file protein-v3.txt (compact mmCIF, N, CA and C atoms)
# COMPACT_ATOMS: atom_id res chain seq x y z
N MET A 1 -125.35 50.33 192.59
CA MET A 1 -124.59 50.08 191.37
C MET A 1 -125.52 50.27 190.18
N SER A 2 -125.19 51.15 189.30
CA SER A 2 -126.03 51.38 188.14
C SER A 2 -125.24 51.03 186.88
N GLY A 3 -125.95 51.01 185.76
CA GLY A 3 -125.28 50.74 184.49
C GLY A 3 -125.60 49.37 183.95
N VAL A 4 -124.68 48.85 183.17
CA VAL A 4 -124.91 47.61 182.43
C VAL A 4 -125.10 46.42 183.35
N PHE A 5 -124.37 46.35 184.46
CA PHE A 5 -124.41 45.18 185.30
C PHE A 5 -125.44 45.25 186.42
N SER A 6 -126.24 46.28 186.44
CA SER A 6 -127.20 46.43 187.52
C SER A 6 -128.47 45.63 187.29
N GLY A 7 -128.65 45.10 186.09
CA GLY A 7 -129.87 44.34 185.81
C GLY A 7 -131.06 45.23 185.53
N ARG A 8 -130.83 46.47 185.22
CA ARG A 8 -131.92 47.42 185.00
C ARG A 8 -132.01 47.88 183.55
N GLY A 9 -131.77 46.97 182.61
CA GLY A 9 -131.94 47.31 181.21
C GLY A 9 -130.81 48.12 180.61
N GLY A 10 -129.59 47.95 181.13
CA GLY A 10 -128.44 48.60 180.52
C GLY A 10 -128.40 50.10 180.68
N GLY A 11 -128.89 50.62 181.79
CA GLY A 11 -128.76 52.04 182.05
C GLY A 11 -129.91 52.88 181.56
N ARG A 12 -130.98 52.29 181.11
CA ARG A 12 -132.15 53.05 180.66
C ARG A 12 -133.11 53.25 181.82
N ALA A 13 -132.70 54.05 182.75
CA ALA A 13 -133.49 54.26 183.96
C ALA A 13 -134.81 54.95 183.64
N GLY A 14 -135.89 54.40 184.16
CA GLY A 14 -137.18 55.03 184.07
C GLY A 14 -137.94 54.80 182.78
N ARG A 15 -137.30 54.21 181.77
CA ARG A 15 -137.97 54.01 180.49
C ARG A 15 -138.22 52.51 180.28
N PRO A 16 -139.48 52.11 180.16
CA PRO A 16 -139.76 50.68 179.97
C PRO A 16 -139.34 50.23 178.58
N ARG A 17 -138.98 48.94 178.48
CA ARG A 17 -138.62 48.37 177.18
C ARG A 17 -139.85 48.23 176.31
N ARG A 18 -139.64 48.43 175.02
CA ARG A 18 -140.71 48.26 174.05
C ARG A 18 -141.06 46.78 173.96
N GLN A 19 -142.35 46.48 173.94
CA GLN A 19 -142.81 45.10 173.79
C GLN A 19 -142.56 44.66 172.36
N ARG A 20 -141.77 43.61 172.17
CA ARG A 20 -141.45 43.11 170.83
C ARG A 20 -142.41 41.99 170.47
N SER A 21 -142.81 41.95 169.21
CA SER A 21 -143.70 40.90 168.75
C SER A 21 -142.92 39.60 168.58
N VAL A 22 -143.64 38.50 168.57
CA VAL A 22 -143.01 37.19 168.36
C VAL A 22 -142.38 37.16 166.97
N THR A 23 -143.05 37.73 165.99
CA THR A 23 -142.49 37.78 164.63
C THR A 23 -141.15 38.49 164.64
N GLU A 24 -141.07 39.61 165.32
CA GLU A 24 -139.83 40.36 165.40
C GLU A 24 -138.74 39.56 166.10
N LEU A 25 -139.08 38.88 167.17
CA LEU A 25 -138.10 38.09 167.90
C LEU A 25 -137.55 36.95 167.06
N VAL A 26 -138.44 36.19 166.42
CA VAL A 26 -138.02 35.03 165.64
C VAL A 26 -137.26 35.49 164.39
N ALA A 27 -137.73 36.54 163.75
CA ALA A 27 -137.05 37.04 162.56
C ALA A 27 -135.65 37.54 162.90
N SER A 28 -135.48 38.15 164.06
CA SER A 28 -134.14 38.62 164.45
C SER A 28 -133.19 37.46 164.68
N ILE A 29 -133.71 36.35 165.18
CA ILE A 29 -132.87 35.16 165.36
C ILE A 29 -132.44 34.61 164.01
N VAL A 30 -133.38 34.52 163.07
CA VAL A 30 -133.06 34.00 161.74
C VAL A 30 -132.02 34.90 161.07
N LEU A 31 -132.23 36.20 161.09
CA LEU A 31 -131.29 37.12 160.46
C LEU A 31 -129.92 37.10 161.17
N GLY A 32 -129.92 36.90 162.47
CA GLY A 32 -128.66 36.80 163.20
C GLY A 32 -127.85 35.59 162.76
N PHE A 33 -128.52 34.45 162.64
CA PHE A 33 -127.82 33.25 162.14
C PHE A 33 -127.35 33.47 160.70
N GLU A 34 -128.16 34.12 159.90
CA GLU A 34 -127.77 34.39 158.52
C GLU A 34 -126.55 35.29 158.44
N THR A 35 -126.42 36.19 159.39
CA THR A 35 -125.24 37.06 159.41
C THR A 35 -123.97 36.23 159.56
N VAL A 36 -123.99 35.26 160.45
CA VAL A 36 -122.84 34.39 160.63
C VAL A 36 -122.57 33.60 159.35
N VAL A 37 -123.61 33.05 158.75
CA VAL A 37 -123.46 32.26 157.53
C VAL A 37 -122.92 33.12 156.38
N VAL A 38 -123.42 34.33 156.24
CA VAL A 38 -122.95 35.22 155.17
C VAL A 38 -121.49 35.59 155.39
N PHE A 39 -121.11 35.84 156.63
CA PHE A 39 -119.71 36.13 156.92
C PHE A 39 -118.81 34.96 156.50
N LEU A 40 -119.22 33.75 156.88
CA LEU A 40 -118.43 32.58 156.52
C LEU A 40 -118.46 32.33 155.01
N ALA A 41 -119.59 32.60 154.37
CA ALA A 41 -119.69 32.44 152.92
C ALA A 41 -118.75 33.41 152.20
N ALA A 42 -118.63 34.63 152.72
CA ALA A 42 -117.71 35.60 152.12
C ALA A 42 -116.28 35.09 152.21
N LEU A 43 -115.95 34.46 153.32
CA LEU A 43 -114.60 33.88 153.45
C LEU A 43 -114.40 32.73 152.48
N VAL A 44 -115.43 31.92 152.27
CA VAL A 44 -115.35 30.81 151.32
C VAL A 44 -115.18 31.35 149.90
N ILE A 45 -115.97 32.36 149.55
CA ILE A 45 -115.87 32.97 148.21
C ILE A 45 -114.47 33.55 148.00
N PHE A 46 -113.92 34.17 149.04
CA PHE A 46 -112.55 34.68 148.98
C PHE A 46 -111.56 33.54 148.84
N GLY A 47 -111.71 32.50 149.67
CA GLY A 47 -110.76 31.38 149.66
C GLY A 47 -110.78 30.59 148.37
N LEU A 48 -111.94 30.43 147.77
CA LEU A 48 -112.04 29.71 146.50
C LEU A 48 -111.72 30.58 145.30
N LYS A 49 -111.45 31.86 145.57
CA LYS A 49 -111.15 32.84 144.51
C LYS A 49 -112.28 32.92 143.48
N ALA A 50 -113.52 32.78 143.97
CA ALA A 50 -114.69 32.94 143.09
C ALA A 50 -114.86 34.41 142.72
N LEU A 51 -114.35 35.28 143.55
CA LEU A 51 -114.31 36.73 143.29
C LEU A 51 -112.93 37.23 143.72
N PRO A 52 -112.51 38.38 143.20
CA PRO A 52 -111.28 38.98 143.73
C PRO A 52 -111.45 39.32 145.22
N PRO A 53 -110.33 39.44 145.93
CA PRO A 53 -110.42 39.65 147.39
C PRO A 53 -111.28 40.82 147.83
N ALA A 54 -111.12 41.99 147.21
CA ALA A 54 -111.87 43.17 147.66
C ALA A 54 -113.37 42.98 147.52
N PRO A 55 -113.89 42.58 146.35
CA PRO A 55 -115.34 42.40 146.26
C PRO A 55 -115.87 41.31 147.18
N ALA A 56 -115.10 40.24 147.35
CA ALA A 56 -115.56 39.15 148.21
C ALA A 56 -115.68 39.61 149.66
N LEU A 57 -114.64 40.24 150.17
CA LEU A 57 -114.63 40.61 151.59
C LEU A 57 -115.45 41.86 151.87
N ILE A 58 -115.33 42.87 151.01
CA ILE A 58 -116.11 44.09 151.23
C ILE A 58 -117.59 43.81 150.97
N GLY A 59 -117.88 43.04 149.94
CA GLY A 59 -119.27 42.66 149.67
C GLY A 59 -119.87 41.88 150.82
N GLY A 60 -119.09 40.95 151.38
CA GLY A 60 -119.57 40.19 152.54
C GLY A 60 -119.82 41.09 153.74
N ALA A 61 -118.93 42.06 153.96
CA ALA A 61 -119.10 42.99 155.09
C ALA A 61 -120.34 43.85 154.90
N VAL A 62 -120.56 44.34 153.68
CA VAL A 62 -121.74 45.16 153.40
C VAL A 62 -123.00 44.32 153.59
N PHE A 63 -122.95 43.08 153.14
CA PHE A 63 -124.09 42.17 153.30
C PHE A 63 -124.40 41.96 154.78
N CYS A 64 -123.36 41.75 155.59
CA CYS A 64 -123.56 41.57 157.04
C CYS A 64 -124.14 42.83 157.66
N LEU A 65 -123.67 44.00 157.25
CA LEU A 65 -124.21 45.25 157.77
C LEU A 65 -125.68 45.41 157.38
N ALA A 66 -126.03 44.99 156.16
CA ALA A 66 -127.43 45.06 155.74
C ALA A 66 -128.30 44.14 156.59
N LEU A 67 -127.77 42.96 156.94
CA LEU A 67 -128.51 42.06 157.82
C LEU A 67 -128.70 42.67 159.21
N PHE A 68 -127.65 43.31 159.73
CA PHE A 68 -127.78 43.99 161.03
C PHE A 68 -128.80 45.12 160.95
N ALA A 69 -128.80 45.86 159.85
CA ALA A 69 -129.77 46.94 159.67
C ALA A 69 -131.18 46.38 159.65
N ALA A 70 -131.37 45.25 158.97
CA ALA A 70 -132.70 44.63 158.92
C ALA A 70 -133.14 44.21 160.32
N ILE A 71 -132.21 43.68 161.11
CA ILE A 71 -132.56 43.30 162.49
C ILE A 71 -133.04 44.52 163.26
N GLY A 72 -132.34 45.63 163.10
CA GLY A 72 -132.72 46.86 163.81
C GLY A 72 -134.04 47.46 163.34
N LEU A 73 -134.42 47.14 162.10
CA LEU A 73 -135.64 47.72 161.53
C LEU A 73 -136.84 46.77 161.58
N LEU A 74 -136.69 45.61 162.19
CA LEU A 74 -137.77 44.62 162.15
C LEU A 74 -139.07 45.09 162.78
N HIS A 75 -139.02 46.11 163.61
CA HIS A 75 -140.27 46.61 164.21
C HIS A 75 -141.07 47.44 163.21
N THR A 76 -140.50 47.67 162.02
CA THR A 76 -141.21 48.41 160.97
C THR A 76 -141.46 47.50 159.77
N ARG A 77 -142.35 47.93 158.91
CA ARG A 77 -142.64 47.19 157.68
C ARG A 77 -141.40 47.14 156.78
N ALA A 78 -140.62 48.22 156.78
CA ALA A 78 -139.40 48.27 155.96
C ALA A 78 -138.40 47.19 156.37
N GLY A 79 -138.32 46.90 157.66
CA GLY A 79 -137.41 45.86 158.13
C GLY A 79 -137.80 44.48 157.62
N ILE A 80 -139.10 44.21 157.61
CA ILE A 80 -139.59 42.92 157.11
C ILE A 80 -139.32 42.83 155.60
N ILE A 81 -139.59 43.92 154.88
CA ILE A 81 -139.34 43.92 153.42
C ILE A 81 -137.84 43.75 153.15
N LEU A 82 -137.00 44.45 153.90
CA LEU A 82 -135.56 44.28 153.75
C LEU A 82 -135.15 42.84 154.03
N GLY A 83 -135.77 42.22 155.01
CA GLY A 83 -135.49 40.81 155.30
C GLY A 83 -135.81 39.92 154.11
N TRP A 84 -136.94 40.16 153.46
CA TRP A 84 -137.31 39.39 152.27
C TRP A 84 -136.31 39.61 151.14
N VAL A 85 -135.91 40.86 150.93
CA VAL A 85 -134.94 41.16 149.87
C VAL A 85 -133.62 40.46 150.15
N LEU A 86 -133.19 40.47 151.40
CA LEU A 86 -131.94 39.81 151.75
C LEU A 86 -132.02 38.30 151.59
N GLN A 87 -133.21 37.73 151.81
CA GLN A 87 -133.38 36.29 151.57
C GLN A 87 -133.10 35.97 150.10
N ALA A 88 -133.66 36.78 149.22
CA ALA A 88 -133.43 36.56 147.78
C ALA A 88 -131.95 36.75 147.44
N ALA A 89 -131.32 37.74 148.05
CA ALA A 89 -129.91 37.99 147.77
C ALA A 89 -129.03 36.84 148.25
N ILE A 90 -129.39 36.23 149.37
CA ILE A 90 -128.61 35.10 149.87
C ILE A 90 -128.72 33.92 148.90
N VAL A 91 -129.91 33.67 148.39
CA VAL A 91 -130.06 32.61 147.40
C VAL A 91 -129.21 32.94 146.17
N ALA A 92 -129.18 34.20 145.77
CA ALA A 92 -128.43 34.61 144.59
C ALA A 92 -126.92 34.44 144.75
N THR A 93 -126.42 34.38 145.98
CA THR A 93 -124.98 34.16 146.17
C THR A 93 -124.57 32.77 145.68
N GLY A 94 -125.54 31.93 145.40
CA GLY A 94 -125.23 30.63 144.82
C GLY A 94 -124.55 30.74 143.46
N ILE A 95 -124.62 31.90 142.84
CA ILE A 95 -123.91 32.13 141.58
C ILE A 95 -122.40 31.97 141.79
N PHE A 96 -121.90 32.37 142.95
CA PHE A 96 -120.47 32.31 143.24
C PHE A 96 -120.06 30.97 143.84
N VAL A 97 -120.89 30.45 144.74
CA VAL A 97 -120.64 29.15 145.37
C VAL A 97 -121.96 28.39 145.30
N PRO A 98 -122.06 27.39 144.43
CA PRO A 98 -123.34 26.70 144.23
C PRO A 98 -123.98 26.14 145.51
N ALA A 99 -123.19 25.81 146.49
CA ALA A 99 -123.76 25.31 147.74
C ALA A 99 -124.63 26.35 148.43
N MET A 100 -124.41 27.63 148.12
CA MET A 100 -125.22 28.69 148.72
C MET A 100 -126.65 28.69 148.21
N PHE A 101 -126.90 28.07 147.04
CA PHE A 101 -128.29 27.90 146.61
C PHE A 101 -129.04 27.08 147.66
N VAL A 102 -128.43 25.99 148.10
CA VAL A 102 -129.06 25.11 149.10
C VAL A 102 -129.20 25.85 150.43
N VAL A 103 -128.13 26.49 150.87
CA VAL A 103 -128.16 27.23 152.14
C VAL A 103 -129.21 28.33 152.06
N GLY A 104 -129.24 29.06 150.96
CA GLY A 104 -130.20 30.15 150.80
C GLY A 104 -131.63 29.66 150.82
N ILE A 105 -131.90 28.56 150.13
CA ILE A 105 -133.26 28.00 150.11
C ILE A 105 -133.67 27.52 151.49
N LEU A 106 -132.73 26.93 152.23
CA LEU A 106 -133.05 26.52 153.61
C LEU A 106 -133.40 27.73 154.47
N PHE A 107 -132.63 28.81 154.33
CA PHE A 107 -132.93 30.01 155.11
C PHE A 107 -134.24 30.67 154.67
N VAL A 108 -134.55 30.61 153.39
CA VAL A 108 -135.85 31.14 152.93
C VAL A 108 -136.97 30.34 153.58
N ALA A 109 -136.83 29.02 153.64
CA ALA A 109 -137.86 28.18 154.27
C ALA A 109 -138.01 28.53 155.75
N ILE A 110 -136.89 28.74 156.43
CA ILE A 110 -136.94 29.12 157.84
C ILE A 110 -137.60 30.49 158.00
N TRP A 111 -137.24 31.42 157.11
CA TRP A 111 -137.81 32.77 157.14
C TRP A 111 -139.32 32.74 156.93
N VAL A 112 -139.76 31.97 155.94
CA VAL A 112 -141.20 31.86 155.65
C VAL A 112 -141.92 31.30 156.87
N TYR A 113 -141.35 30.27 157.48
CA TYR A 113 -141.99 29.69 158.67
C TYR A 113 -142.00 30.70 159.82
N ALA A 114 -140.92 31.45 159.99
CA ALA A 114 -140.87 32.45 161.05
C ALA A 114 -141.94 33.51 160.85
N MET A 115 -142.11 33.96 159.61
CA MET A 115 -143.14 34.96 159.32
C MET A 115 -144.54 34.39 159.56
N TYR A 116 -144.77 33.16 159.12
CA TYR A 116 -146.08 32.54 159.27
C TYR A 116 -146.40 32.25 160.74
N ALA A 117 -145.51 31.53 161.41
CA ALA A 117 -145.76 31.14 162.80
C ALA A 117 -145.75 32.35 163.73
N GLY A 118 -144.79 33.26 163.53
CA GLY A 118 -144.75 34.46 164.36
C GLY A 118 -146.00 35.30 164.20
N GLY A 119 -146.46 35.47 162.96
CA GLY A 119 -147.69 36.22 162.72
C GLY A 119 -148.90 35.57 163.35
N ARG A 120 -148.97 34.24 163.27
CA ARG A 120 -150.09 33.51 163.87
C ARG A 120 -150.10 33.68 165.39
N ILE A 121 -148.94 33.57 166.01
CA ILE A 121 -148.85 33.72 167.46
C ILE A 121 -149.18 35.16 167.86
N ASP A 122 -148.67 36.13 167.09
CA ASP A 122 -148.97 37.54 167.39
C ASP A 122 -150.47 37.81 167.29
N ARG A 123 -151.12 37.27 166.27
CA ARG A 123 -152.58 37.48 166.14
C ARG A 123 -153.31 36.85 167.33
N ARG A 124 -152.88 35.66 167.73
CA ARG A 124 -153.52 35.01 168.88
C ARG A 124 -153.30 35.82 170.14
N ASN A 125 -152.08 36.31 170.35
CA ASN A 125 -151.79 37.12 171.54
C ASN A 125 -152.61 38.41 171.54
N ASN A 126 -152.74 39.04 170.37
CA ASN A 126 -153.53 40.27 170.27
C ASN A 126 -154.99 40.02 170.57
N SER A 127 -155.54 38.89 170.09
CA SER A 127 -156.93 38.60 170.37
C SER A 127 -157.14 38.30 171.86
N HIS A 128 -156.19 37.64 172.50
CA HIS A 128 -156.28 37.39 173.94
C HIS A 128 -156.20 38.70 174.72
N ASN A 129 -155.32 39.60 174.29
CA ASN A 129 -155.18 40.88 174.96
C ASN A 129 -156.45 41.72 174.85
N THR A 130 -157.10 41.70 173.68
CA THR A 130 -158.31 42.49 173.53
C THR A 130 -159.46 41.88 174.32
N LEU A 131 -159.49 40.56 174.44
CA LEU A 131 -160.53 39.91 175.25
C LEU A 131 -160.35 40.22 176.73
N GLU A 132 -159.09 40.28 177.19
CA GLU A 132 -158.83 40.56 178.59
C GLU A 132 -159.17 42.00 178.97
N THR A 133 -159.01 42.93 178.03
CA THR A 133 -159.28 44.33 178.35
C THR A 133 -160.77 44.68 178.30
N GLU A 134 -161.58 43.82 177.70
CA GLU A 134 -163.01 44.11 177.61
C GLU A 134 -163.74 43.71 178.84

call {"tool": "encode", "arguments": {"input": "protein-v3.txt", "output": "structure tokens"}}
result
Amino acid sequence: MSGVFSGRGGGRAGRPRRQRSVTELVASIVLGFETVVVFLAALVIFGLKALPPAPALIGGAVFCLALFAAIGLLHTRAGIILGWVLQAAIVATGIFVPAMFVVGILFVAIWVYAMYAGGRIDRRNNSHNTLETE
């Protein structure tokens, strides 16, 4: 039995998975949670009529797509930069719903910790790997 249910990486026969850094893993979790929050925030902005329906819903959808793009790009420097830009944009949504200032600041704090702790763990892992190969 081959394919998705075979337990062999979803049909990628013969090709090993790329080793992901801890920073990339943790950042993808943060951005994934933010995607859910942004989706719900777009519905709140729509429901409170803080914006007309089209900008609220289409803007929320575009924002969610940008978060998904950042998740896909986290293995590059551009993905990390996009993540930082999106953090600022989430805080800025507080203009429409003031509670988003609080939510955005909390996510910025989580993002900063993810970048700091993930980077520290990655550096430690890299130093252990270089010591083992010598």

call {"tool": "atom_distance", "arguments": {"input": "protein-v3.txt", "atom1": "atom C of Ala56 in chain A", "atom2": "CA of Val103 in chain A"}}
result
17.8 Å

call {"tool": "residues_around", "arguments": {"input": "protein-v3.txt", "residues": "range 81-88 of chain A", "least_positions_apart": "3", "cutoff": "6 Å", "atoms": "all atoms listed in the file", "output": "ChimeraX atom specification"}}
result
/A:70,77-78,91-92,108

call {"tool": "atom_distance", "arguments": {"input": "protein-v3.txt", "atom1": "CA of Glu34 in chain A", "atom2": "atom N of Ile105 in chain A"}}
result
11.0 Å

call {"tool": "select_by_dssp", "arguments": {"input": "protein-v3.txt", "residues": "range 8-71 of chain A", "states": "helix (DSSP H, G or I)", "output": "CSV table (one decimal) with N, CA and C atoms, in the frame of the given file"}}
result
chain,number,residue,atom,x,y,z
A,22,VAL,N,-143.6,38.5,168.6
A,22,VAL,CA,-143.0,37.2,168.4
A,22,VAL,C,-142.4,37.2,167.0
A,23,THR,N,-143.0,37.7,166.0
A,23,THR,CA,-142.5,37.8,164.6
A,23,THR,C,-141.2,38.5,164.6
A,24,GLU,N,-141.1,39.6,165.3
A,24,GLU,CA,-139.8,40.4,165.4
A,24,GLU,C,-138.7,39.6,166.1
A,25,LEU,N,-139.1,38.9,167.2
A,25,LEU,CA,-138.1,38.1,167.9
A,25,LEU,C,-137.6,37.0,167.1
A,26,VAL,N,-138.4,36.2,166.4
A,26,VAL,CA,-138.0,35.0,165.6
A,26,VAL,C,-137.3,35.5,164.4
A,27,ALA,N,-137.7,36.5,163.8
A,27,ALA,CA,-137.0,37.0,162.6
A,27,ALA,C,-135.6,37.5,162.9
A,28,SER,N,-135.5,38.2,164.1
A,28,SER,CA,-134.1,38.6,164.4
A,28,SER,C,-133.2,37.5,164.7
A,29,ILE,N,-133.7,36.4,165.2
A,29,ILE,CA,-132.9,35.2,165.4
A,29,ILE,C,-132.4,34.6,164.0
A,30,VAL,N,-133.4,34.5,163.1
A,30,VAL,CA,-133.1,34.0,161.7
A,30,VAL,C,-132.0,34.9,161.1
A,31,LEU,N,-132.2,36.2,161.1
A,31,LEU,CA,-131.3,37.1,160.5
A,31,LEU,C,-129.9,37.1,161.2
A,32,GLY,N,-129.9,36.9,162.5
A,32,GLY,CA,-128.7,36.8,163.2
A,32,GLY,C,-127.8,35.6,162.8
A,33,PHE,N,-128.5,34.4,162.6
A,33,PHE,CA,-127.8,33.2,162.1
A,33,PHE,C,-127.4,33.5,160.7
A,34,GLU,N,-128.2,34.1,159.9
A,34,GLU,CA,-127.8,34.4,158.5
A,34,GLU,C,-126.6,35.3,158.4
A,35,THR,N,-126.4,36.2,159.4
A,35,THR,CA,-125.2,37.1,159.4
A,35,THR,C,-124.0,36.2,159.6
A,36,VAL,N,-124.0,35.3,160.4
A,36,VAL,CA,-122.8,34.4,160.6
A,36,VAL,C,-122.6,33.6,159.4
A,37,VAL,N,-123.6,33.0,158.8
A,37,VAL,CA,-123.5,32.3,157.5
A,37,VAL,C,-122.9,33.1,156.4
A,38,VAL,N,-123.4,34.3,156.2
A,38,VAL,CA,-123.0,35.2,155.2
A,38,VAL,C,-121.5,35.6,155.4
A,39,PHE,N,-121.1,35.8,156.6
A,39,PHE,CA,-119.7,36.1,156.9
A,39,PHE,C,-118.8,35.0,156.5
A,40,LEU,N,-119.2,33.8,156.9
A,40,LEU,CA,-118.4,32.6,156.5
A,40,LEU,C,-118.5,32.3,155.0
A,41,ALA,N,-119.6,32.6,154.4
A,41,ALA,CA,-119.7,32.4,152.9
A,41,ALA,C,-118.8,33.4,152.2
A,42,ALA,N,-118.6,34.6,152.7
A,42,ALA,CA,-117.7,35.6,152.1
A,42,ALA,C,-116.3,35.1,152.2
A,43,LEU,N,-116.0,34.5,153.3
A,43,LEU,CA,-114.6,33.9,153.4
A,43,LEU,C,-114.4,32.7,152.5
A,44,VAL,N,-115.4,31.9,152.3
A,44,VAL,CA,-115.4,30.8,151.3
A,44,VAL,C,-115.2,31.4,149.9
A,45,ILE,N,-116.0,32.4,149.6
A,45,ILE,CA,-115.9,33.0,148.2
A,45,ILE,C,-114.5,33.6,148.0
A,46,PHE,N,-113.9,34.2,149.0
A,46,PHE,CA,-112.6,34.7,149.0
A,46,PHE,C,-111.6,33.5,148.8
A,47,GLY,N,-111.7,32.5,149.7
A,47,GLY,CA,-110.8,31.4,149.7
A,47,GLY,C,-110.8,30.6,148.4
A,53,PRO,N,-110.3,39.4,145.9
A,53,PRO,CA,-110.4,39.6,147.4
A,53,PRO,C,-111.3,40.8,147.8
A,54,ALA,N,-111.1,42.0,147.2
A,54,ALA,CA,-111.9,43.2,147.7
A,54,ALA,C,-113.4,43.0,147.5
A,55,PRO,N,-113.9,42.6,146.4
A,55,PRO,CA,-115.3,42.4,146.3
A,55,PRO,C,-115.9,41.3,147.2
A,56,ALA,N,-115.1,40.2,147.4
A,56,ALA,CA,-115.6,39.2,148.2
A,56,ALA,C,-115.7,39.6,149.7
A,57,LEU,N,-114.6,40.2,150.2
A,57,LEU,CA,-114.6,40.6,151.6
A,57,LEU,C,-115.4,41.9,151.9
A,58,ILE,N,-115.3,42.9,151.0
A,58,ILE,CA,-116.1,44.1,151.2
A,58,ILE,C,-117.6,43.8,151.0
A,59,GLY,N,-117.9,43.0,149.9
A,59,GLY,CA,-119.3,42.7,149.7
A,59,GLY,C,-119.9,41.9,150.8
A,60,GLY,N,-119.1,41.0,151.4
A,60,GLY,CA,-119.6,40.2,152.5
A,60,GLY,C,-119.8,41.1,153.7
A,61,ALA,N,-118.9,42.1,154.0
A,61,ALA,CA,-119.1,43.0,155.1
A,61,ALA,C,-120.3,43.8,154.9
A,62,VAL,N,-120.6,44.3,153.7
A,62,VAL,CA,-121.7,45.2,153.4
A,62,VAL,C,-123.0,44.3,153.6
A,63,PHE,N,-123.0,43.1,153.1
A,63,PHE,CA,-124.1,42.2,153.3
A,63,PHE,C,-124.4,42.0,154.8
A,64,CYS,N,-123.4,41.8,155.6
A,64,CYS,CA,-123.6,41.6,157.0
A,64,CYS,C,-124.1,42.8,157.7
A,65,LEU,N,-123.7,44.0,157.2
A,65,LEU,CA,-124.2,45.2,157.8
A,65,LEU,C,-125.7,45.4,157.4
A,66,ALA,N,-126.0,45.0,156.2
A,66,ALA,CA,-127.4,45.1,155.7
A,66,ALA,C,-128.3,44.1,156.6
A,67,LEU,N,-127.8,43.0,156.9
A,67,LEU,CA,-128.5,42.1,157.8
A,67,LEU,C,-128.7,42.7,159.2
A,68,PHE,N,-127.6,43.3,159.7
A,68,PHE,CA,-127.8,44.0,161.0
A,68,PHE,C,-128.8,45.1,161.0
A,69,ALA,N,-128.8,45.9,159.8
A,69,ALA,CA,-129.8,46.9,159.7
A,69,ALA,C,-131.2,46.4,159.6
A,70,ALA,N,-131.4,45.2,159.0
A,70,ALA,CA,-132.7,44.6,158.9
A,70,ALA,C,-133.1,44.2,160.3
A,71,ILE,N,-132.2,43.7,161.1
A,71,ILE,CA,-132.6,43.3,162.5
A,71,ILE,C,-133.0,44.5,163.3

call {"tool": "closest_residue", "arguments": {"input": "protein-v3.txt", "among": "A:Leu57, A:Ile80, A:Ile95, A:Val30", "to": "Leu43 in chain A", "atoms": "all atoms listed in the file"}}
result
A:Leu57

call {"tool": "residues_around", "arguments": {"input": "protein-v3.txt", "residues": "range 64-66 of chain A", "least_positions_apart": "6", "cutoff": "6.5 Å", "atoms": "all atoms listed in the file", "output": "list in words"}}
result
Thr35, Val38 and Phe39 of chain A

call {"tool": "residues_around", "arguments": {"input": "protein-v3.txt", "residues": "range 22-27 of chain A", "least_positions_apart": "6", "cutoff": "7 Å", "atoms": "all atoms listed in the file", "output": "JSON, numbers by chain"}}
result
{"A": [71, 74, 75, 111, 114, 115, 117, 118, 119, 121, 122]}

call {"tool": "axis_aligned_box", "arguments": {"input": "protein-v3.txt", "around": "range 73-89 of chain A", "padding_each_side": "3 Å", "output": "JSON"}}
result
{"center_x": -135.8, "center_y": 42.2, "center_z": 155.8, "size_x": 19.6, "size_y": 18.4, "size_z": 22.8}

call {"tool": "atom_distance", "arguments": {"input": "protein-v3.txt", "atom1": "CA of Val112 in chain A", "atom2": "CA of Asn125 in chain A"}}
result
19.8 Å

call {"tool": "build_atoms", "arguments": {"input": "protein-v3.txt", "residues": "range 115-122 of chain A", "atoms": "N, CA, C and O atoms", "output": "PDB file, in the coordinates of the input"}}
result
ATOM      1  N   MET A 115    -142.110  33.960 159.610  1.00  0.00           N
ATOM      2  CA  MET A 115    -143.140  34.960 159.320  1.00  0.00           C
ATOM      3  C   MET A 115    -144.540  34.390 159.560  1.00  0.00           C
ATOM      4  O   MET A 115    -145.400  35.037 160.155  1.00  0.00           O
ATOM      5  N   TYR A 116    -144.770  33.160 159.120  1.00  0.00           N
ATOM      6  CA  TYR A 116    -146.080  32.540 159.270  1.00  0.00           C
ATOM      7  C   TYR A 116    -146.400  32.250 160.740  1.00  0.00           C
ATOM      8  O   TYR A 116    -147.421  32.691 161.273  1.00  0.00           O
ATOM      9  N   ALA A 117    -145.510  31.530 161.410  1.00  0.00           N
ATOM     10  CA  ALA A 117    -145.760  31.140 162.800  1.00  0.00           C
ATOM     11  C   ALA A 117    -145.750  32.350 163.730  1.00  0.00           C
ATOM     12  O   ALA A 117    -146.596  32.464 164.621  1.00  0.00           O
ATOM     13  N   GLY A 118    -144.790  33.260 163.530  1.00  0.00           N
ATOM     14  CA  GLY A 118    -144.750  34.460 164.360  1.00  0.00           C
ATOM     15  C   GLY A 118    -146.000  35.300 164.200  1.00  0.00           C
ATOM     16  O   GLY A 118    -146.560  35.785 165.184  1.00  0.00           O
ATOM     17  N   GLY A 119    -146.460  35.470 162.960  1.00  0.00           N
ATOM     18  CA  GLY A 119    -147.690  36.220 162.720  1.00  0.00           C
ATOM     19  C   GLY A 119    -148.900  35.570 163.350  1.00  0.00           C
ATOM     20  O   GLY A 119    -149.764  36.249 163.925  1.00  0.00           O
ATOM     21  N   ARG A 120    -148.970  34.240 163.270  1.00  0.00           N
ATOM     22  CA  ARG A 120    -150.090  33.510 163.870  1.00  0.00           C
ATOM     23  C   ARG A 120    -150.100  33.680 165.390  1.00  0.00           C
ATOM     24  O   ARG A 120    -151.136  33.959 165.992  1.00  0.00           O
ATOM     25  N   ILE A 121    -148.940  33.570 166.010  1.00  0.00           N
ATOM     26  CA  ILE A 121    -148.850  33.720 167.460  1.00  0.00           C
ATOM     27  C   ILE A 121    -149.180  35.160 167.860  1.00  0.00           C
ATOM     28  O   ILE A 121    -149.885  35.399 168.840  1.00  0.00           O
ATOM     29  N   ASP A 122    -148.670  36.130 167.090  1.00  0.00           N
ATOM     30  CA  ASP A 122    -148.970  37.540 167.390  1.00  0.00           C
ATOM     31  C   ASP A 122    -150.470  37.810 167.290  1.00  0.00           C
ATOM     32  O   ASP A 122    -151.021  38.523 168.138  1.00  0.00           O
TER      33      ASP A 122
END
